[in-house]
Amino acid sequence: MGKRKEQDELSSEELDDEVEVKAKPKKPRAPRAKKVAEPSVDELGYNIEPPSLIWKDFGTKPNAKIAAFDLDGTLVEVKSGAQFPKHAGDWRWFNKKVPAKLAEFAEEGYKIVLFTNQGSIKSALGGAAAKKVKGRIDDIAKKLKEEHKLDVPWQVFIAPQMTPGDAMHKPAPGMWQFMLEHCNGGLQPDMKQCFFVGDADGTAGTHSDSDLGFAKAVGITFKAPAEVFGPMEGKASLSAEQRKAAMEAAHSGSGPNAELVLQFEQLSKDTFEAIKRGEGDAFRASAYKKVAEALATFPSKISTDSLKEVGKLKGVGKGSLDKIKKYLECGHIQGEEEAAAAAAEQQQQKETFSKATEAAMQFM
Ligand SMILES: [Mg+2]
């Protein structure tokens, strides 16, 4: 069903692509339109530069000062939390300062340029996946204009999934070089004033260091999104792989918060056990597990100073923060009194249960 739908959504070019890889035609075929390596402009106004670049200009002028940005995890987040955006509207700002901050850079005389790797696009630059990416970028530009009333000129460069020998995919500096050669009126940049903002800097929780590598390869200053826009708004969602890797690290004792993580995991297990006895709360049991996973991905040792940041993790609410505070005070997420009270309650329940059983037996 899902597979069928995916196929329906693929453009004819993408399907042709698959056919070319898998089937071996007996007779040599005439070259196809999409294989002609000529630059073209598509119906959405995007420039297609075969084999591996798509770009569009939203009203910029040549400029020596370039404020460059990555897209996902930097200017916007995937709203649905999926690995790849589901549709053109599947995004939210990194935080609410982003639109005004972009306008501020433009006012300070910078040209805003986006350099983004979009791995959902395979080889078909005019295919369905590419169309989704373009539609999303157009939607962001439209919101800037219509909702925020900001007329921010910008350029966007999109590199599809990396192929062998490809010079466009970050960390390679190909997109920057292309921009200078073809999209900046021949003007050379003042490298000291240029910078690149991106989330992929290789630290814990990030998927790669391609943004940091890109800035290095280009030779301009690298900044993290929070340095420019302040902390991210909303709760960051993590992929299943990230959570799994972080939990494995905690189990081997290597994460900075391994002990705390294991206590939440144990509390989750205890609560699941309690459910079997008809006592526990299923919602809490899985909530504690989510807290354990979220804490496992926190990059530094948690202290009272970092509680505000910890509270921004997805799944970590006020109740969990109270438990973490308790841990910081006495080394356990349940204080001695709380643990004793919980044990006493359990004991009492057991006694009530056995008395009731005893009473019931008398009538049998
Ligand atoms: Mg990113």
# chains A, B, ... in the order shown; residues from 1 in each chain; ligands from 1
>>> residues_near_ligand(ligand="ligand 1", cutoff="7 Å", atoms="only C-alpha atoms and all ligand atoms", output="list of chain:residue names")
A:Asp70, A:Leu71, A:Asp72, A:Gly73, A:Thr74, A:Gly198, A:Asp199, A:Ala200
>>> write_last_selection(atoms="N, CA and C atoms", output="PDB file, in the first residue's frame")
ATOM      1  N   ASP A  70      22.661  27.274   6.642  1.00  0.00           N
ATOM      2  CA  ASP A  70      22.098  25.956   6.341  1.00  0.00           C
ATOM      3  C   ASP A  70      20.580  26.109   6.514  1.00  0.00           C
ATOM      4  N   LEU A  71      19.788  25.145   6.081  1.00  0.00           N
ATOM      5  CA  LEU A  71      18.332  25.269   6.230  1.00  0.00           C
ATOM      6  C   LEU A  71      17.806  24.496   7.449  1.00  0.00           C
ATOM      7  N   ASP A  72      17.759  23.167   7.347  1.00  0.00           N
ATOM      8  CA  ASP A  72      17.141  22.362   8.410  1.00  0.00           C
ATOM      9  C   ASP A  72      18.012  22.285   9.659  1.00  0.00           C
ATOM     10  N   GLY A  73      17.386  22.523  10.798  1.00  0.00           N
ATOM     11  CA  GLY A  73      18.127  22.529  12.061  1.00  0.00           C
ATOM     12  C   GLY A  73      18.803  23.865  12.310  1.00  0.00           C
ATOM     13  N   THR A  74      18.685  24.782  11.343  1.00  0.00           N
ATOM     14  CA  THR A  74      19.351  26.083  11.455  1.00  0.00           C
ATOM     15  C   THR A  74      18.332  27.226  11.347  1.00  0.00           C
ATOM     16  N   GLY A 198      25.347  26.879  10.715  1.00  0.00           N
ATOM     17  CA  GLY A 198      24.800  25.538  10.465  1.00  0.00           C
ATOM     18  C   GLY A 198      24.782  24.699  11.728  1.00  0.00           C
ATOM     19  N   ASP A 199      23.938  23.685  11.730  1.00  0.00           N
ATOM     20  CA  ASP A 199      23.826  22.841  12.930  1.00  0.00           C
ATOM     21  C   ASP A 199      24.767  21.636  12.892  1.00  0.00           C
ATOM     22  N   ALA A 200      25.147  21.192  11.700  1.00  0.00           N
ATOM     23  CA  ALA A 200      25.959  19.967  11.620  1.00  0.00           C
ATOM     24  C   ALA A 200      27.425  20.290  11.897  1.00  0.00           C
TER      25      ALA A 200
END
>>> closest_atom_pairs(of="region 229-275 of chain A", to="region 286-300 of chain A", cutoff="9 Å", atoms="only C-alpha atoms", output="JSON lines")
{"residue": "A:Ser237", "atom": "CA", "partner": "A:Ala294", "partner_atom": "CA", "distance": 8.9}
{"residue": "A:Leu238", "atom": "CA", "partner": "A:Ala294", "partner_atom": "CA", "distance": 8.1}
{"residue": "A:Gln242", "atom": "CA", "partner": "A:Thr297", "partner_atom": "CA", "distance": 7.5}
{"residue": "A:Arg243", "atom": "CA", "partner": "A:Glu293", "partner_atom": "CA", "distance": 5.7}
{"residue": "A:Lys244", "atom": "CA", "partner": "A:Glu293", "partner_atom": "CA", "distance": 7.8}
{"residue": "A:Ala245", "atom": "CA", "partner": "A:Thr297", "partner_atom": "CA", "distance": 8.7}
{"residue": "A:Ala246", "atom": "CA", "partner": "A:Ala296", "partner_atom": "CA", "distance": 5.2}
{"residue": "A:Met247", "atom": "CA", "partner": "A:Ala296", "partner_atom": "CA", "distance": 5.9}
{"residue": "A:Glu248", "atom": "CA", "partner": "A:Ala296", "partner_atom": "CA", "distance": 9.0}
{"residue": "A:Ala249", "atom": "CA", "partner": "A:Ala296", "partner_atom": "CA", "distance": 7.9}
{"residue": "A:Ala250", "atom": "CA", "partner": "A:Ala296", "partner_atom": "CA", "distance": 6.4}
{"residue": "A:Gly255", "atom": "CA", "partner": "A:Ala296", "partner_atom": "CA", "distance": 6.8}
{"residue": "A:Pro256", "atom": "CA", "partner": "A:Ser300", "partner_atom": "CA", "distance": 5.8}
{"residue": "A:Asn257", "atom": "CA", "partner": "A:Ala296", "partner_atom": "CA", "distance": 6.5}
{"residue": "A:Ala258", "atom": "CA", "partner": "A:Ala296", "partner_atom": "CA", "distance": 6.8}
{"residue": "A:Leu260", "atom": "CA", "partner": "A:Ala292", "partner_atom": "CA", "distance": 7.8}
{"residue": "A:Val261", "atom": "CA", "partner": "A:Ala292", "partner_atom": "CA", "distance": 4.7}
{"residue": "A:Leu262", "atom": "CA", "partner": "A:Ala292", "partner_atom": "CA", "distance": 7.0}
{"residue": "A:Gln263", "atom": "CA", "partner": "A:Ala292", "partner_atom": "CA", "distance": 8.0}
{"residue": "A:Phe264", "atom": "CA", "partner": "A:Ala292", "partner_atom": "CA", "distance": 5.2}
{"residue": "A:Glu265", "atom": "CA", "partner": "A:Lys289", "partner_atom": "CA", "distance": 5.5}
{"residue": "A:Gln266", "atom": "CA", "partner": "A:Lys289", "partner_atom": "CA", "distance": 8.6}
{"residue": "A:Leu267", "atom": "CA", "partner": "A:Tyr288", "partner_atom": "CA", "distance": 6.8}
{"residue": "A:Ser268", "atom": "CA", "partner": "A:Tyr288", "partner_atom": "CA", "distance": 5.1}
{"residue": "A:Lys269", "atom": "CA", "partner": "A:Lys289", "partner_atom": "CA", "distance": 8.2}
{"residue": "A:Thr271", "atom": "CA", "partner": "A:Ser286", "partner_atom": "CA", "distance": 8.8}
{"residue": "A:Phe272", "atom": "CA", "partner": "A:Ser286", "partner_atom": "CA", "distance": 8.2}
>>> residues_around(residues="Val218 (chain A)", least_positions_apart="3", cutoff="10 Å", atoms="only C-alpha atoms", output="ChimeraX atom specification")
/A:171-177,191,195-196,213-215,221
>>> write_last_selection(atoms="N, CA and C atoms", output="PDB file, in the first residue's frame")
ATOM      1  N   PRO A 171      30.312  18.645   2.965  1.00  0.00           N
ATOM      2  CA  PRO A 171      31.222  19.763   3.230  1.00  0.00           C
ATOM      3  C   PRO A 171      32.014  20.293   2.032  1.00  0.00           C
ATOM      4  N   ALA A 172      31.881  19.709   0.834  1.00  0.00           N
ATOM      5  CA  ALA A 172      32.620  20.249  -0.313  1.00  0.00           C
ATOM      6  C   ALA A 172      32.148  21.692  -0.563  1.00  0.00           C
ATOM      7  N   PRO A 173      33.050  22.568  -0.979  1.00  0.00           N
ATOM      8  CA  PRO A 173      32.680  23.987  -1.116  1.00  0.00           C
ATOM      9  C   PRO A 173      32.060  24.356  -2.472  1.00  0.00           C
ATOM     10  N   GLY A 174      31.639  23.342  -3.250  1.00  0.00           N
ATOM     11  CA  GLY A 174      31.157  23.575  -4.616  1.00  0.00           C
ATOM     12  C   GLY A 174      30.017  24.577  -4.739  1.00  0.00           C
ATOM     13  N   MET A 175      29.045  24.530  -3.812  1.00  0.00           N
ATOM     14  CA  MET A 175      27.901  25.444  -3.919  1.00  0.00           C
ATOM     15  C   MET A 175      28.351  26.898  -3.752  1.00  0.00           C
ATOM     16  N   TRP A 176      29.284  27.110  -2.819  1.00  0.00           N
ATOM     17  CA  TRP A 176      29.829  28.464  -2.590  1.00  0.00           C
ATOM     18  C   TRP A 176      30.560  28.950  -3.847  1.00  0.00           C
ATOM     19  N   GLN A 177      31.388  28.064  -4.409  1.00  0.00           N
ATOM     20  CA  GLN A 177      32.155  28.450  -5.607  1.00  0.00           C
ATOM     21  C   GLN A 177      31.233  28.762  -6.778  1.00  0.00           C
ATOM     22  N   MET A 191      36.047  38.021   2.583  1.00  0.00           N
ATOM     23  CA  MET A 191      35.960  36.779   3.372  1.00  0.00           C
ATOM     24  C   MET A 191      35.883  37.026   4.885  1.00  0.00           C
ATOM     25  N   PHE A 195      30.168  34.760   6.818  1.00  0.00           N
ATOM     26  CA  PHE A 195      30.076  33.677   7.802  1.00  0.00           C
ATOM     27  C   PHE A 195      29.046  32.654   7.363  1.00  0.00           C
ATOM     28  N   PHE A 196      29.136  31.465   7.962  1.00  0.00           N
ATOM     29  CA  PHE A 196      28.168  30.405   7.663  1.00  0.00           C
ATOM     30  C   PHE A 196      27.601  29.846   8.961  1.00  0.00           C
ATOM     31  N   GLY A 213      32.578  21.613   8.289  1.00  0.00           N
ATOM     32  CA  GLY A 213      33.537  21.306   7.226  1.00  0.00           C
ATOM     33  C   GLY A 213      33.394  22.240   6.034  1.00  0.00           C
ATOM     34  N   PHE A 214      32.148  22.588   5.710  1.00  0.00           N
ATOM     35  CA  PHE A 214      31.871  23.503   4.600  1.00  0.00           C
ATOM     36  C   PHE A 214      32.488  24.877   4.877  1.00  0.00           C
ATOM     37  N   ALA A 215      32.225  25.409   6.077  1.00  0.00           N
ATOM     38  CA  ALA A 215      32.774  26.733   6.438  1.00  0.00           C
ATOM     39  C   ALA A 215      34.301  26.714   6.371  1.00  0.00           C
ATOM     40  N   THR A 221      34.057  32.181   8.719  1.00  0.00           N
ATOM     41  CA  THR A 221      33.707  31.892  10.113  1.00  0.00           C
ATOM     42  C   THR A 221      32.493  30.972  10.192  1.00  0.00           C
TER      43      THR A 221
END
>>> closest_residue(among="A:Gly186, A:Pro62, A:Pro231, A:Gly317", to="Lys96 (chain A)", atoms="only C-alpha atoms")
A:Pro231
>>> select_by_dssp(residues="region 156-187 of chain A", states="helix (DSSP H, G or I)", output="PyMOL selection string")
chain A and resi 174-182
>>> write_last_selection(atoms="C-alpha atoms", output="CSV table (one decimal), in the first residue's frame")
chain,number,residue,atom,x,y,z
A,174,GLY,CA,31.2,23.6,-4.6
A,175,MET,CA,27.9,25.4,-3.9
A,176,TRP,CA,29.8,28.5,-2.6
A,177,GLN,CA,32.2,28.5,-5.6
A,178,PHE,CA,29.2,28.2,-8.0
A,179,MET,CA,27.5,31.1,-6.3
A,180,LEU,CA,30.6,33.3,-6.6
A,181,GLU,CA,31.2,32.3,-10.2
A,182,HIS,CA,27.7,32.6,-11.5
>>> select_by_dssp(residues="region 23-178 of chain A", states="strand (DSSP E)", output="NGL selection string")
:A and (40-41 or 47-49 or 53-58 or 66-69 or 76-77 or 92-93 or 111-118 or 154-160)
>>> write_last_selection(atoms="C-alpha atoms", output="PDB file, in the first residue's frame")
ATOM      1  CA  SER A  40      17.508  25.004 -17.501  1.00  0.00           C
ATOM      2  CA  VAL A  41      14.853  26.801 -15.486  1.00  0.00           C
ATOM      3  CA  ASN A  47      17.636  26.811 -12.020  1.00  0.00           C
ATOM      4  CA  ILE A  48      18.615  23.235 -12.692  1.00  0.00           C
ATOM      5  CA  GLU A  49      22.368  22.747 -13.090  1.00  0.00           C
ATOM      6  CA  LEU A  53      22.749  21.554  -8.203  1.00  0.00           C
ATOM      7  CA  ILE A  54      19.456  23.413  -7.991  1.00  0.00           C
ATOM      8  CA  TRP A  55      19.336  27.127  -7.184  1.00  0.00           C
ATOM      9  CA  LYS A  56      16.969  30.066  -7.089  1.00  0.00           C
ATOM     10  CA  ASP A  57      17.323  33.773  -6.524  1.00  0.00           C
ATOM     11  CA  PHE A  58      14.735  35.702  -4.527  1.00  0.00           C
ATOM     12  CA  ILE A  66      27.622  37.070   2.534  1.00  0.00           C
ATOM     13  CA  ALA A  67      25.587  35.820   5.495  1.00  0.00           C
ATOM     14  CA  ALA A  68      25.231  32.127   4.677  1.00  0.00           C
ATOM     15  CA  PHE A  69      22.941  29.616   6.340  1.00  0.00           C
ATOM     16  CA  VAL A  76      13.819  25.844  10.338  1.00  0.00           C
ATOM     17  CA  GLU A  77      12.986  22.483  11.884  1.00  0.00           C
ATOM     18  CA  ARG A  92       8.603  25.692  11.661  1.00  0.00           C
ATOM     19  CA  TRP A  93      11.121  28.416  12.475  1.00  0.00           C
ATOM     20  CA  LYS A 111      23.338  39.068   1.066  1.00  0.00           C
ATOM     21  CA  ILE A 112      21.491  36.128   2.607  1.00  0.00           C
ATOM     22  CA  VAL A 113      22.428  32.821   0.991  1.00  0.00           C
ATOM     23  CA  LEU A 114      21.222  29.342   1.903  1.00  0.00           C
ATOM     24  CA  PHE A 115      23.359  26.292   1.239  1.00  0.00           C
ATOM     25  CA  THR A 116      21.443  23.092   1.910  1.00  0.00           C
ATOM     26  CA  ASN A 117      22.072  19.377   1.355  1.00  0.00           C
ATOM     27  CA  GLN A 118      18.795  17.633   0.586  1.00  0.00           C
ATOM     28  CA  TRP A 154      17.987  35.677  -0.582  1.00  0.00           C
ATOM     29  CA  GLN A 155      19.495  32.987  -2.753  1.00  0.00           C
ATOM     30  CA  VAL A 156      19.156  29.297  -2.143  1.00  0.00           C
ATOM     31  CA  PHE A 157      21.454  26.506  -3.336  1.00  0.00           C
ATOM     32  CA  ILE A 158      20.337  22.896  -3.013  1.00  0.00           C
ATOM     33  CA  ALA A 159      22.637  19.869  -3.318  1.00  0.00           C
ATOM     34  CA  PRO A 160      20.929  16.503  -3.798  1.00  0.00           C
TER      35      PRO A 160
END
>>> atom_distance(atom1="CA of Ala341 (chain A)", atom2="CA of Glu259 (chain A)")
22.8 Å
>>> closest_atom_pairs(of="region 212-307 of chain A", to="region 321-328 of chain A", cutoff="9 Å", atoms="only C-alpha atoms", output="Markdown table")
| residue | atom | partner | partner_atom | distance |
| --- | --- | --- | --- | --- |
| A:Leu260 | CA | A:Tyr327 | CA | 7.5 |
| A:Ile302 | CA | A:Leu328 | CA | 8.5 |
| A:Ser303 | CA | A:Leu328 | CA | 7.0 |
| A:Thr304 | CA | A:Lys325 | CA | 7.3 |
| A:Leu307 | CA | A:Leu321 | CA | 7.4 |
>>> atom_distance(atom1="CA of Glu43 (chain A)", atom2="CA of Gly126 (chain A)")
9.8 Å
>>> atom_distance(atom1="CA of Glu351 (chain A)", atom2="CA of Gly278 (chain A)")
14.7 Å
>>> closest_residue(among="A:Lys131, A:Pro99, A:Ala88, A:Phe94", to="Leu44 (chain A)", atoms="only C-alpha atoms")
A:Lys131
>>> residues_around(residues="Val78 (chain A)", least_positions_apart="3", cutoff="6 Å", atoms="only C-alpha atoms", output="JSON list (two decimals) with N, CA and C atoms, in the first residue's frame")
[["chain", "number", "residue", "atom", "x", "y", "z"],
["A", 81, "GLY", "N", 8.68, 16.24, 12.69],
["A", 81, "GLY", "CA", 9.70, 15.44, 13.36],
["A", 81, "GLY", "C", 10.21, 14.29, 12.50],
["A", 85, "PRO", "N", 11.06, 16.08, 5.39],
["A", 85, "PRO", "CA", 9.76, 16.75, 5.46],
["A", 85, "PRO", "C", 8.71, 16.02, 4.64],
["A", 90, "ASP", "N", 5.68, 21.40, 5.90],
["A", 90, "ASP", "CA", 6.22, 20.68, 7.05],
["A", 90, "ASP", "C", 7.50, 21.35, 7.58],
["A", 91, "TRP", "N", 7.34, 22.52, 8.18],
["A", 91, "TRP", "CA", 8.47, 23.24, 8.78],
["A", 91, "TRP", "C", 7.97, 24.23, 9.81]]
>>> residues_around(residues="Lys97 (chain A)", least_positions_apart="6", cutoff="10 Å", atoms="only C-alpha atoms", output="PyMOL selection string")
chain A and resi 75+228-233
>>> write_last_selection(atoms="N, CA and C atoms", output="short mmCIF file (atom, residue, chain, number, x, y, z; two decimals), in the first residue's frame")
data_model
loop_
_atom_site.label_atom_id
_atom_site.label_comp_id
_atom_site.auth_asym_id
_atom_site.auth_seq_id
_atom_site.Cartn_x
_atom_site.Cartn_y
_atom_site.Cartn_z
N LEU A 75 17.69 27.36 10.19
CA LEU A 75 16.62 28.37 10.05
C LEU A 75 15.28 27.77 10.44
N VAL A 228 23.52 32.72 16.85
CA VAL A 228 22.96 33.79 16.03
C VAL A 228 21.51 34.09 16.42
N PHE A 229 20.74 33.05 16.68
CA PHE A 229 19.30 33.23 16.91
C PHE A 229 18.89 33.03 18.37
N GLY A 230 19.80 32.56 19.23
CA GLY A 230 19.41 32.19 20.58
C GLY A 230 18.93 30.74 20.58
N PRO A 231 18.51 30.23 21.76
CA PRO A 231 18.15 28.81 21.84
C PRO A 231 16.98 28.42 20.96
N MET A 232 16.97 27.17 20.56
CA MET A 232 15.89 26.66 19.73
C MET A 232 14.58 26.66 20.51
N GLU A 233 13.51 26.93 19.82
CA GLU A 233 12.20 26.92 20.45
C GLU A 233 11.55 25.56 20.27
#
